[in-house]
Amino acid sequence: MAIIEIDRLKKSFGQNEVLKSITFSVEKNEVVAVIGPSGSGKSTMLRSLVHLEKIDGGSIVIDGEYLAKDGHYPKAKDIRAITAKTGMVFQHFNLFPHLTVQENLEMAPRLVKKQEKQALRQKSSELLQKVGLSDKAEAMPNSLSGGQKQRVAIARALMMNPELLLFDEPTSALDPELTGEVLKVMKDLAREDMTMIVVTHEMAFAREVADRVVFMADGEIVEAGTPEEIFDNPQHERTKAFLSKNYK
Amino acid sequence: MSFDYFMSVLKPMLTGAQMTLLLFFITIVLSIPLGFLVMLAQKSAFKPLAWLAHTFVYVMRGTPLLLQLIVVCFGLPVIPGIGEYLVLDRFTAAGIAFVLNYAAYFAEIFRGGVLSIDKGQYEAAQVLGFNKFQTLTRIVIPQMFRIALPALANESITLMKDTALLYAVAVPELLHYAQTAVNRDLNFFPFVIAGVIYLLLTAVLTFIFKLLEKKFSFE
């Protein structure tokens, strides 16, 4: 069953049409990698799925409910309920700098889901252990390395028990030697059947971990398929040109 | 100079310092929340309110505090028709002028603090399901406050010294008693004492704000 269905998604910034008519869906437990040149609309597409961008036309269905139908949105409260199933990890982490790592993890479920303190403490400890940062619970985000920050951000997203996790270029702001630790956590999640859409420039990761690869350019999906199809036997010239530059 | 003379000058000045401190605390306690509300009004989507708030800040920052003090003390009572209801005792009038003036400055300090909060903070809060109120109280205000602390410290120290403007509307405060003693004894020394007392007061403020900065550090 598809957890997310996008139908003829359209989005413009002024005169600039960034998403021309995007249609695709993601099945439960699937890992989809979205690749493509900068400015192709990958991030805008991803952000529109959690209502960080408002679409101008088309529909988004998440777990059977319309986030947007023909470009129209429901009430703010309904939007919050629908997008609550989706977690997001940002390029620049966006941790809350005034809170400790532990508080970063626990604040949202405590305030939004009214979960109990004790259960939250246990869960945050488990997740910090999972991302290898048990010793950083009391640390402030600014004292962490980029890779550590991103792992905290992933743990923070997981605290909300998302059905679907979106990654917006999660390793692009990291020093090359720090990307490995973040990608490893993401691989672990994929192995546990977390449904994920990953906008990435890490071609090796996309090839190894994704069930399906979507190549976007100029606001359109040029081609989609299994990693083998896209990386070994791309059909379109634009895909070939992109891969010859970015994937050796 | 005898110790007795020193004490005889110091005593009334300490009484005056109480007035200084009273005005300081009243202004701080009222103008910080008021400044915060003015900042929210400036950012309001309801344009007349935003316009009103901007105009308020413009007028309060664009004219001397001394002039505002004089207007509230002596100007309001001479407004035809309603003036007679606007006769306030000098200290109350001065307090109103100080609170309004400092609220305008604090509003701008807070606005600067909010502006420097990264857009990603709002996005993260939204994706985590925070509503607007939760985002404001849990994410924006704490960060704004931390970012604004050095500027708040600066402004508070200025306020401590600005209380000397009470002198102009004849409310007896620290500097008033110093001046009285200087005139009476033809001795400059009371001014030196006044300066030292101001330095002590601002030293305490500096210390308190250093502690706050440390406590709310992002590190």
# chains A, B, ... in the order shown; residues from 1 in each chain; ligands from 1

call {"tool": "closest_atom_pairs", "arguments": {"of": "chain A", "to": "chain B", "cutoff": "6 Å", "atoms": "only C-alpha atoms", "output": "Markdown table"}}
result
| residue | atom | partner | partner_atom | distance |
| --- | --- | --- | --- | --- |
| A:Asn94 | CA | B:Gly120 | CA | 5.4 |
| A:Pro97 | CA | B:Phe218 | CA | 5.7 |
| A:His98 | CA | B:Phe218 | CA | 5.3 |
| A:Met140 | CA | B:Glu219 | CA | 5.8 |
| A:Asn142 | CA | B:Glu219 | CA | 5.7 |

call {"tool": "write_last_selection", "arguments": {"atoms": "N, CA, C and O atoms", "output": "short mmCIF file (atom, residue, chain, number, x, y, z; two decimals), in the first residue's frame"}}
result
data_model
loop_
_atom_site.label_atom_id
_atom_site.label_comp_id
_atom_site.auth_asym_id
_atom_site.auth_seq_id
_atom_site.Cartn_x
_atom_site.Cartn_y
_atom_site.Cartn_z
N ASN A 94 19.18 21.87 12.10
CA ASN A 94 18.12 22.64 12.76
C ASN A 94 17.81 22.13 14.16
O ASN A 94 16.66 22.09 14.58
N PRO A 97 19.28 25.20 19.61
CA PRO A 97 20.58 25.43 20.28
C PRO A 97 20.46 25.72 21.77
O PRO A 97 21.44 25.60 22.49
N HIS A 98 19.25 26.12 22.22
CA HIS A 98 19.12 26.47 23.64
C HIS A 98 18.76 25.27 24.50
O HIS A 98 18.59 25.41 25.71
N MET A 140 25.18 20.33 24.84
CA MET A 140 24.46 21.31 24.03
C MET A 140 24.84 21.07 22.56
O MET A 140 25.98 20.70 22.26
N ASN A 142 25.69 22.92 20.16
CA ASN A 142 26.84 23.65 19.61
C ASN A 142 28.18 23.00 19.95
O ASN A 142 29.20 23.35 19.38
#

call {"tool": "residues_around", "arguments": {"residues": "segment 182-196 of chain B", "least_positions_apart": "5", "cutoff": "8 Å", "atoms": "only C-alpha atoms", "output": "ChimeraX atom specification"}}
result
/B:9-10,13,174-175

call {"tool": "write_last_selection", "arguments": {"atoms": "N, CA and C atoms", "output": "mmCIF file, in the first residue's frame"}}
result
data_model
loop_
_atom_site.group_PDB
_atom_site.id
_atom_site.type_symbol
_atom_site.label_atom_id
_atom_site.label_comp_id
_atom_site.auth_asym_id
_atom_site.auth_seq_id
_atom_site.Cartn_x
_atom_site.Cartn_y
_atom_site.Cartn_z
ATOM 1 N N VAL B 9 26.943 63.725 54.162
ATOM 2 C CA VAL B 9 26.631 63.888 52.740
ATOM 3 C C VAL B 9 26.055 62.582 52.177
ATOM 4 N N LEU B 10 26.657 61.485 52.624
ATOM 5 C CA LEU B 10 26.296 60.174 52.064
ATOM 6 C C LEU B 10 24.843 59.809 52.376
ATOM 7 N N MET B 13 22.211 61.089 50.157
ATOM 8 C CA MET B 13 22.433 60.542 48.815
ATOM 9 C C MET B 13 21.946 59.101 48.720
ATOM 10 N N LEU B 174 19.415 60.513 43.517
ATOM 11 C CA LEU B 174 20.826 60.516 43.891
ATOM 12 C C LEU B 174 21.557 61.799 43.491
ATOM 13 N N LEU B 175 21.467 62.170 42.234
ATOM 14 C CA LEU B 175 22.228 63.319 41.751
ATOM 15 C C LEU B 175 21.709 64.624 42.358
#

call {"tool": "residues_around", "arguments": {"residues": "Glu202 of chain A", "least_positions_apart": "5", "cutoff": "10 Å", "atoms": "only C-alpha atoms", "output": "number ranges by chain"}}
result
A: 33, 35, 169-172, 179, 183, 207, 246-247

call {"tool": "write_last_selection", "arguments": {"atoms": "N, CA, C and O atoms", "output": "short mmCIF file (atom, residue, chain, number, x, y, z; two decimals), in the first residue's frame"}}
result
data_model
loop_
_atom_site.label_atom_id
_atom_site.label_comp_id
_atom_site.auth_asym_id
_atom_site.auth_seq_id
_atom_site.Cartn_x
_atom_site.Cartn_y
_atom_site.Cartn_z
N ALA A 33 15.53 7.05 -3.23
CA ALA A 33 16.54 8.10 -3.32
C ALA A 33 16.18 9.03 -4.46
O ALA A 33 15.83 8.57 -5.55
N ILE A 35 17.66 11.87 -6.81
CA ILE A 35 18.92 12.49 -7.22
C ILE A 35 18.64 13.48 -8.36
O ILE A 35 17.54 13.48 -8.93
N GLU A 169 19.05 16.24 1.76
CA GLU A 169 20.50 16.32 1.65
C GLU A 169 21.18 16.25 3.02
O GLU A 169 21.88 17.19 3.43
N PRO A 170 21.01 15.16 3.72
CA PRO A 170 21.44 15.09 5.12
C PRO A 170 22.95 15.15 5.32
O PRO A 170 23.39 15.43 6.44
N THR A 171 23.72 14.89 4.27
CA THR A 171 25.18 14.90 4.48
C THR A 171 25.86 16.05 3.73
O THR A 171 27.08 16.17 3.77
N SER A 172 25.07 16.90 3.07
CA SER A 172 25.69 17.93 2.22
C SER A 172 26.43 19.00 3.01
O SER A 172 27.31 19.66 2.49
N THR A 179 30.55 12.08 6.88
CA THR A 179 29.31 11.61 6.24
C THR A 179 29.05 10.14 6.58
O THR A 179 27.91 9.73 6.72
N LEU A 183 25.47 8.24 7.30
CA LEU A 183 24.97 7.26 6.33
C LEU A 183 24.77 5.90 6.98
O LEU A 183 23.83 5.18 6.66
N ARG A 207 22.74 3.97 -4.48
CA ARG A 207 22.83 2.68 -5.17
C ARG A 207 22.72 1.52 -4.19
O ARG A 207 22.04 0.54 -4.44
N ASN A 246 28.63 12.83 -11.97
CA ASN A 246 28.49 12.66 -10.53
C ASN A 246 28.68 11.23 -10.03
O ASN A 246 28.68 11.00 -8.84
N TYR A 247 28.81 10.29 -10.93
CA TYR A 247 28.90 8.89 -10.49
C TYR A 247 29.91 8.17 -11.36
O TYR A 247 29.76 8.11 -12.56
#

call {"tool": "closest_residue", "arguments": {"among": "B:Leu40, B:Ile28, B:Leu211, B:Leu65", "to": "Ile157 of chain B", "atoms": "only C-alpha atoms"}}
result
B:Ile28

call {"tool": "select_by_dssp", "arguments": {"residues": "segment 13-153 of chain A", "states": "helix (DSSP H, G or I)", "output": "VMD selection string"}}
result
chain A and resid 42 to 48 76 to 83 101 to 112 117 to 130 134 to 136 141 to 143 146 to 153

call {"tool": "residues_around", "arguments": {"residues": "Asp188 of chain A", "least_positions_apart": "6", "cutoff": "10 Å", "atoms": "only C-alpha atoms", "output": "number ranges by chain"}}
result
A: 130-131, 194, 209

call {"tool": "select_by_dssp", "arguments": {"residues": "segment 19-155 of chain A", "states": "strand (DSSP E or B)", "output": "MDAnalysis selection string"}}
result
chainID A and resid 19:27 31:35 57:62 65:69 72 86:89

call {"tool": "closest_residue", "arguments": {"among": "B:Ala103, B:Ala168, B:Met60, B:Ile109", "to": "Arg90 of chain B", "atoms": "only C-alpha atoms"}}
result
B:Ala168

call {"tool": "residues_around", "arguments": {"residues": "Phe24 of chain A", "least_positions_apart": "4", "cutoff": "12 Å", "atoms": "only C-alpha atoms", "output": "NGL selection string"}}
result
:A and (2-9 or 32 or 34 or 45-46 or 58-61 or 197 or 212-216 or 220-225)

call {"tool": "atom_distance", "arguments": {"atom1": "atom CA of Asp218 of chain A", "atom2": "atom CA of Gly41 of chain A"}}
result
6.8 Å

call {"tool": "residues_around", "arguments": {"residues": "Met196 of chain A", "least_positions_apart": "5", "cutoff": "12 Å", "atoms": "only C-alpha atoms", "output": "PyMOL selection string"}}
result
chain A and resi 3-4+25-34+46+86-89+154+158+162-168+186-191+206+209-213

call {"tool": "closest_residue", "arguments": {"among": "B:Met7, B:Leu200, B:Val171, B:Asp89", "to": "Leu76 of chain B", "atoms": "only C-alpha atoms"}}
result
B:Asp89

call {"tool": "closest_residue", "arguments": {"among": "A:Arg80, A:Phe90, A:Pro37, A:Asp175", "to": "Lys245 of chain A", "atoms": "only C-alpha atoms"}}
result
A:Pro37

call {"tool": "decode", "arguments": {"residues": "segment 49-64 of chain A", "atoms": "N, CA and C atoms", "output": "PDB file, in the first residue's frame"}}
result
ATOM      1  N   LEU A  49       5.992  17.972   0.974  1.00  0.00           N
ATOM      2  CA  LEU A  49       5.331  16.820   1.588  1.00  0.00           C
ATOM      3  C   LEU A  49       5.067  17.030   3.077  1.00  0.00           C
ATOM      4  N   VAL A  50       5.774  17.979   3.695  1.00  0.00           N
ATOM      5  CA  VAL A  50       5.516  18.298   5.105  1.00  0.00           C
ATOM      6  C   VAL A  50       5.005  19.732   5.244  1.00  0.00           C
ATOM      7  N   HIS A  51       4.535  20.275   4.138  1.00  0.00           N
ATOM      8  CA  HIS A  51       3.910  21.593   4.157  1.00  0.00           C
ATOM      9  C   HIS A  51       4.894  22.719   4.485  1.00  0.00           C
ATOM     10  N   LEU A  52       6.182  22.501   4.214  1.00  0.00           N
ATOM     11  CA  LEU A  52       7.141  23.608   4.348  1.00  0.00           C
ATOM     12  C   LEU A  52       7.111  24.461   3.087  1.00  0.00           C
ATOM     13  N   GLU A  53       6.597  23.872   2.008  1.00  0.00           N
ATOM     14  CA  GLU A  53       6.303  24.637   0.800  1.00  0.00           C
ATOM     15  C   GLU A  53       4.837  24.383   0.471  1.00  0.00           C
ATOM     16  N   LYS A  54       4.174  25.443   0.018  1.00  0.00           N
ATOM     17  CA  LYS A  54       2.777  25.308  -0.363  1.00  0.00           C
ATOM     18  C   LYS A  54       2.727  25.055  -1.870  1.00  0.00           C
ATOM     19  N   ILE A  55       2.012  24.014  -2.255  1.00  0.00           N
ATOM     20  CA  ILE A  55       1.966  23.726  -3.691  1.00  0.00           C
ATOM     21  C   ILE A  55       0.866  24.553  -4.355  1.00  0.00           C
ATOM     22  N   ASP A  56       1.020  24.745  -5.667  1.00  0.00           N
ATOM     23  CA  ASP A  56       0.038  25.554  -6.410  1.00  0.00           C
ATOM     24  C   ASP A  56      -1.005  24.674  -7.091  1.00  0.00           C
ATOM     25  N   GLY A  57      -0.648  23.429  -7.367  1.00  0.00           N
ATOM     26  CA  GLY A  57      -1.599  22.551  -8.029  1.00  0.00           C
ATOM     27  C   GLY A  57      -1.219  21.099  -7.795  1.00  0.00           C
ATOM     28  N   GLY A  58      -2.176  20.205  -8.005  1.00  0.00           N
ATOM     29  CA  GLY A  58      -1.925  18.794  -7.797  1.00  0.00           C
ATOM     30  C   GLY A  58      -2.327  18.342  -6.408  1.00  0.00           C
ATOM     31  N   SER A  59      -2.091  17.069  -6.114  1.00  0.00           N
ATOM     32  CA  SER A  59      -2.538  16.506  -4.843  1.00  0.00           C
ATOM     33  C   SER A  59      -1.426  15.744  -4.144  1.00  0.00           C
ATOM     34  N   ILE A  60      -1.522  15.738  -2.820  1.00  0.00           N
ATOM     35  CA  ILE A  60      -0.617  14.927  -2.007  1.00  0.00           C
ATOM     36  C   ILE A  60      -1.482  14.115  -1.046  1.00  0.00           C
ATOM     37  N   VAL A  61      -1.328  12.807  -1.090  1.00  0.00           N
ATOM     38  CA  VAL A  61      -2.067  11.945  -0.167  1.00  0.00           C
ATOM     39  C   VAL A  61      -1.063  11.239   0.730  1.00  0.00           C
ATOM     40  N   ILE A  62      -1.223  11.400   2.040  1.00  0.00           N
ATOM     41  CA  ILE A  62      -0.347  10.723   2.982  1.00  0.00           C
ATOM     42  C   ILE A  62      -1.174   9.738   3.798  1.00  0.00           C
ATOM     43  N   ASP A  63      -0.823   8.470   3.670  1.00  0.00           N
ATOM     44  CA  ASP A  63      -1.509   7.423   4.425  1.00  0.00           C
ATOM     45  C   ASP A  63      -3.039   7.521   4.263  1.00  0.00           C
ATOM     46  N   GLY A  64      -3.474   7.757   3.047  1.00  0.00           N
ATOM     47  CA  GLY A  64      -4.901   7.774   2.754  1.00  0.00           C
ATOM     48  C   GLY A  64      -5.605   9.100   2.982  1.00  0.00           C
TER      49      GLY A  64
END
